[in-house]
Amino acid sequence: MEMEAAALYYLAAQYNVEALGIMTISDSLVNPDEDTTAEERQTTFTDMMKVGLETIISE
């Protein structure tokens, strides 16, 4: 969990509203040779954002 999502969930709980965080991994501290390229990062992040937006719209 990262700090921004933790703050988002905290505020959602305080105001009794729903919240959603989508996280993706782009770099590995354990296996640096598995880091994504700039092109892969752009493509996968764009796909991730589309999934998030489609999730919001479908409700």
# chains A, B, ... in the order shown; residues from 1 in each chain; ligands from 1
>>> residues_around(residues="Phe45 of chain A", least_positions_apart="3", cutoff="10 Å", atoms="only C-alpha atoms", output="VMD selection string")
chain A and resid 23 to 26 39 to 42 48 to 51
>>> select_by_dssp(residues="chain A", states="helix (DSSP H, G or I)", output="ChimeraX atom specification")
/A:3-14,32-34,38-58
>>> closest_residue(among="A:Thr37, A:Gly21, A:Gly52, A:Thr46", to="Tyr9 of chain A", atoms="only C-alpha atoms")
A:Gly21
>>> atom_distance(atom1="atom CA of Ala7 of chain A", atom2="atom CA of Thr43 of chain A")
27.0 Å
>>> atom_distance(atom1="atom CA of Glu4 of chain A", atom2="atom CA of Ile22 of chain A")
11.0 Å
>>> residues_around(residues="Asp27 of chain A", least_positions_apart="3", cutoff="7 Å", atoms="only C-alpha atoms", output="ChimeraX atom specification")
/A:32,35-36
>>> write_last_selection(atoms="N, CA and C atoms", output="PDB file, in the first residue's frame")
ATOM      1  N   PRO A  32      15.994  -6.058 -10.711  1.00  0.00           N
ATOM      2  CA  PRO A  32      16.046  -4.836 -11.526  1.00  0.00           C
ATOM      3  C   PRO A  32      15.995  -5.105 -13.029  1.00  0.00           C
ATOM      4  N   ASP A  35      12.504  -4.591 -14.785  1.00  0.00           N
ATOM      5  CA  ASP A  35      11.854  -3.284 -14.872  1.00  0.00           C
ATOM      6  C   ASP A  35      11.191  -3.138 -16.236  1.00  0.00           C
ATOM      7  N   THR A  36      10.078  -2.414 -16.262  1.00  0.00           N
ATOM      8  CA  THR A  36       9.400  -2.194 -17.532  1.00  0.00           C
ATOM      9  C   THR A  36      10.099  -1.086 -18.312  1.00  0.00           C
TER      10      THR A  36
END
>>> atom_distance(atom1="atom CA of Ile56 of chain A", atom2="atom CA of Ala12 of chain A")
15.7 Å
>>> residues_around(residues="Tyr10 of chain A", least_positions_apart="6", cutoff="12 Å", atoms="only C-alpha atoms", output="list in words")
Met3, Glu4, Asn16, Val17, Glu18, Ala19, Leu20 and Gly21 of chain A
>>> decode(residues="segment 11-53 of chain A", atoms="N, CA and C atoms", output="PDB file, in the first residue's frame")
ATOM      1  N   LEU A  11      -9.706   9.074   4.230  1.00  0.00           N
ATOM      2  CA  LEU A  11     -10.700  10.136   4.038  1.00  0.00           C
ATOM      3  C   LEU A  11     -12.055   9.566   3.642  1.00  0.00           C
ATOM      4  N   ALA A  12     -12.054   8.541   2.817  1.00  0.00           N
ATOM      5  CA  ALA A  12     -13.316   7.910   2.432  1.00  0.00           C
ATOM      6  C   ALA A  12     -14.023   7.345   3.659  1.00  0.00           C
ATOM      7  N   ALA A  13     -13.268   6.734   4.548  1.00  0.00           N
ATOM      8  CA  ALA A  13     -13.860   6.189   5.775  1.00  0.00           C
ATOM      9  C   ALA A  13     -14.394   7.309   6.665  1.00  0.00           C
ATOM     10  N   GLN A  14     -13.671   8.415   6.750  1.00  0.00           N
ATOM     11  CA  GLN A  14     -14.104   9.536   7.582  1.00  0.00           C
ATOM     12  C   GLN A  14     -15.397  10.158   7.070  1.00  0.00           C
ATOM     13  N   TYR A  15     -15.550  10.218   5.743  1.00  0.00           N
ATOM     14  CA  TYR A  15     -16.722  10.844   5.142  1.00  0.00           C
ATOM     15  C   TYR A  15     -17.769   9.829   4.686  1.00  0.00           C
ATOM     16  N   ASN A  16     -17.524   8.553   5.019  1.00  0.00           N
ATOM     17  CA  ASN A  16     -18.461   7.477   4.699  1.00  0.00           C
ATOM     18  C   ASN A  16     -18.813   7.439   3.208  1.00  0.00           C
ATOM     19  N   VAL A  17     -17.795   7.490   2.374  1.00  0.00           N
ATOM     20  CA  VAL A  17     -17.966   7.388   0.926  1.00  0.00           C
ATOM     21  C   VAL A  17     -17.080   6.259   0.400  1.00  0.00           C
ATOM     22  N   GLU A  18     -17.382   5.824  -0.811  1.00  0.00           N
ATOM     23  CA  GLU A  18     -16.588   4.772  -1.429  1.00  0.00           C
ATOM     24  C   GLU A  18     -15.324   5.358  -2.033  1.00  0.00           C
ATOM     25  N   ALA A  19     -14.283   4.543  -2.073  1.00  0.00           N
ATOM     26  CA  ALA A  19     -13.023   4.958  -2.695  1.00  0.00           C
ATOM     27  C   ALA A  19     -12.401   3.750  -3.372  1.00  0.00           C
ATOM     28  N   LEU A  20     -11.630   4.018  -4.392  1.00  0.00           N
ATOM     29  CA  LEU A  20     -10.953   2.945  -5.108  1.00  0.00           C
ATOM     30  C   LEU A  20      -9.568   3.415  -5.502  1.00  0.00           C
ATOM     31  N   GLY A  21      -8.598   2.573  -5.285  1.00  0.00           N
ATOM     32  CA  GLY A  21      -7.233   2.852  -5.719  1.00  0.00           C
ATOM     33  C   GLY A  21      -6.778   1.738  -6.639  1.00  0.00           C
ATOM     34  N   ILE A  22      -6.105   2.097  -7.692  1.00  0.00           N
ATOM     35  CA  ILE A  22      -5.546   1.105  -8.608  1.00  0.00           C
ATOM     36  C   ILE A  22      -4.042   1.293  -8.604  1.00  0.00           C
ATOM     37  N   MET A  23      -3.344   0.228  -8.285  1.00  0.00           N
ATOM     38  CA  MET A  23      -1.889   0.300  -8.235  1.00  0.00           C
ATOM     39  C   MET A  23      -1.293  -0.611  -9.304  1.00  0.00           C
ATOM     40  N   THR A  24      -0.156  -0.213  -9.784  1.00  0.00           N
ATOM     41  CA  THR A  24       0.568  -1.055 -10.731  1.00  0.00           C
ATOM     42  C   THR A  24       2.044  -1.009 -10.378  1.00  0.00           C
ATOM     43  N   ILE A  25       2.731  -2.068 -10.688  1.00  0.00           N
ATOM     44  CA  ILE A  25       4.161  -2.156 -10.392  1.00  0.00           C
ATOM     45  C   ILE A  25       4.934  -1.891 -11.671  1.00  0.00           C
ATOM     46  N   SER A  26       5.868  -0.956 -11.611  1.00  0.00           N
ATOM     47  CA  SER A  26       6.653  -0.638 -12.805  1.00  0.00           C
ATOM     48  C   SER A  26       8.113  -1.034 -12.668  1.00  0.00           C
ATOM     49  N   ASP A  27       8.613  -1.120 -11.461  1.00  0.00           N
ATOM     50  CA  ASP A  27      10.022  -1.437 -11.245  1.00  0.00           C
ATOM     51  C   ASP A  27      10.144  -2.443 -10.113  1.00  0.00           C
ATOM     52  N   SER A  28      11.182  -3.258 -10.186  1.00  0.00           N
ATOM     53  CA  SER A  28      11.414  -4.268  -9.160  1.00  0.00           C
ATOM     54  C   SER A  28      12.723  -3.989  -8.441  1.00  0.00           C
ATOM     55  N   LEU A  29      12.658  -3.884  -7.129  1.00  0.00           N
ATOM     56  CA  LEU A  29      13.880  -3.725  -6.345  1.00  0.00           C
ATOM     57  C   LEU A  29      14.608  -5.053  -6.211  1.00  0.00           C
ATOM     58  N   VAL A  30      13.856  -6.157  -6.293  1.00  0.00           N
ATOM     59  CA  VAL A  30      14.439  -7.486  -6.146  1.00  0.00           C
ATOM     60  C   VAL A  30      15.108  -7.938  -7.439  1.00  0.00           C
ATOM     61  N   ASN A  31      14.423  -7.701  -8.567  1.00  0.00           N
ATOM     62  CA  ASN A  31      14.939  -8.100  -9.879  1.00  0.00           C
ATOM     63  C   ASN A  31      14.975  -6.888 -10.812  1.00  0.00           C
ATOM     64  N   PRO A  32      15.994  -6.058 -10.711  1.00  0.00           N
ATOM     65  CA  PRO A  32      16.046  -4.836 -11.526  1.00  0.00           C
ATOM     66  C   PRO A  32      15.995  -5.105 -13.029  1.00  0.00           C
ATOM     67  N   ASP A  33      16.408  -6.301 -13.457  1.00  0.00           N
ATOM     68  CA  ASP A  33      16.372  -6.616 -14.883  1.00  0.00           C
ATOM     69  C   ASP A  33      14.943  -6.836 -15.381  1.00  0.00           C
ATOM     70  N   GLU A  34      13.966  -6.862 -14.476  1.00  0.00           N
ATOM     71  CA  GLU A  34      12.569  -7.032 -14.853  1.00  0.00           C
ATOM     72  C   GLU A  34      11.815  -5.702 -14.902  1.00  0.00           C
ATOM     73  N   ASP A  35      12.504  -4.591 -14.785  1.00  0.00           N
ATOM     74  CA  ASP A  35      11.854  -3.284 -14.872  1.00  0.00           C
ATOM     75  C   ASP A  35      11.191  -3.138 -16.236  1.00  0.00           C
ATOM     76  N   THR A  36      10.078  -2.414 -16.262  1.00  0.00           N
ATOM     77  CA  THR A  36       9.400  -2.194 -17.532  1.00  0.00           C
ATOM     78  C   THR A  36      10.099  -1.086 -18.312  1.00  0.00           C
ATOM     79  N   THR A  37      10.016  -1.195 -19.620  1.00  0.00           N
ATOM     80  CA  THR A  37      10.575  -0.146 -20.469  1.00  0.00           C
ATOM     81  C   THR A  37       9.619   1.042 -20.461  1.00  0.00           C
ATOM     82  N   ALA A  38      10.079   2.165 -20.970  1.00  0.00           N
ATOM     83  CA  ALA A  38       9.223   3.359 -21.033  1.00  0.00           C
ATOM     84  C   ALA A  38       7.984   3.077 -21.876  1.00  0.00           C
ATOM     85  N   GLU A  39       8.155   2.357 -22.971  1.00  0.00           N
ATOM     86  CA  GLU A  39       7.019   2.035 -23.844  1.00  0.00           C
ATOM     87  C   GLU A  39       6.027   1.099 -23.137  1.00  0.00           C
ATOM     88  N   GLU A  40       6.544   0.070 -22.463  1.00  0.00           N
ATOM     89  CA  GLU A  40       5.675  -0.847 -21.717  1.00  0.00           C
ATOM     90  C   GLU A  40       4.932  -0.102 -20.610  1.00  0.00           C
ATOM     91  N   ARG A  41       5.625   0.779 -19.940  1.00  0.00           N
ATOM     92  CA  ARG A  41       5.020   1.551 -18.852  1.00  0.00           C
ATOM     93  C   ARG A  41       3.876   2.405 -19.383  1.00  0.00           C
ATOM     94  N   GLN A  42       4.101   3.085 -20.496  1.00  0.00           N
ATOM     95  CA  GLN A  42       3.059   3.931 -21.082  1.00  0.00           C
ATOM     96  C   GLN A  42       1.845   3.098 -21.470  1.00  0.00           C
ATOM     97  N   THR A  43       2.073   1.967 -22.124  1.00  0.00           N
ATOM     98  CA  THR A  43       0.977   1.109 -22.570  1.00  0.00           C
ATOM     99  C   THR A  43       0.209   0.522 -21.394  1.00  0.00           C
ATOM    100  N   THR A  44       0.923  -0.040 -20.430  1.00  0.00           N
ATOM    101  CA  THR A  44       0.233  -0.684 -19.307  1.00  0.00           C
ATOM    102  C   THR A  44      -0.450   0.337 -18.404  1.00  0.00           C
ATOM    103  N   PHE A  45       0.136   1.496 -18.218  1.00  0.00           N
ATOM    104  CA  PHE A  45      -0.503   2.531 -17.401  1.00  0.00           C
ATOM    105  C   PHE A  45      -1.768   3.039 -18.086  1.00  0.00           C
ATOM    106  N   THR A  46      -1.706   3.207 -19.400  1.00  0.00           N
ATOM    107  CA  THR A  46      -2.886   3.644 -20.147  1.00  0.00           C
ATOM    108  C   THR A  46      -3.988   2.605 -20.033  1.00  0.00           C
ATOM    109  N   ASP A  47      -3.630   1.326 -20.188  1.00  0.00           N
ATOM    110  CA  ASP A  47      -4.613   0.246 -20.036  1.00  0.00           C
ATOM    111  C   ASP A  47      -5.213   0.260 -18.635  1.00  0.00           C
ATOM    112  N   MET A  48      -4.381   0.464 -17.626  1.00  0.00           N
ATOM    113  CA  MET A  48      -4.842   0.494 -16.245  1.00  0.00           C
ATOM    114  C   MET A  48      -5.833   1.642 -16.037  1.00  0.00           C
ATOM    115  N   MET A  49      -5.541   2.799 -16.593  1.00  0.00           N
ATOM    116  CA  MET A  49      -6.443   3.942 -16.444  1.00  0.00           C
ATOM    117  C   MET A  49      -7.776   3.676 -17.134  1.00  0.00           C
ATOM    118  N   LYS A  50      -7.742   3.023 -18.295  1.00  0.00           N
ATOM    119  CA  LYS A  50      -8.982   2.682 -18.997  1.00  0.00           C
ATOM    120  C   LYS A  50      -9.842   1.746 -18.157  1.00  0.00           C
ATOM    121  N   VAL A  51      -9.223   0.747 -17.545  1.00  0.00           N
ATOM    122  CA  VAL A  51      -9.960  -0.182 -16.683  1.00  0.00           C
ATOM    123  C   VAL A  51     -10.588   0.575 -15.517  1.00  0.00           C
ATOM    124  N   GLY A  52      -9.840   1.472 -14.913  1.00  0.00           N
ATOM    125  CA  GLY A  52     -10.365   2.254 -13.803  1.00  0.00           C
ATOM    126  C   GLY A  52     -11.545   3.112 -14.216  1.00  0.00           C
ATOM    127  N   LEU A  53     -11.417   3.785 -15.349  1.00  0.00           N
ATOM    128  CA  LEU A  53     -12.511   4.640 -15.820  1.00  0.00           C
ATOM    129  C   LEU A  53     -13.732   3.818 -16.196  1.00  0.00           C
TER     130      LEU A  53
END
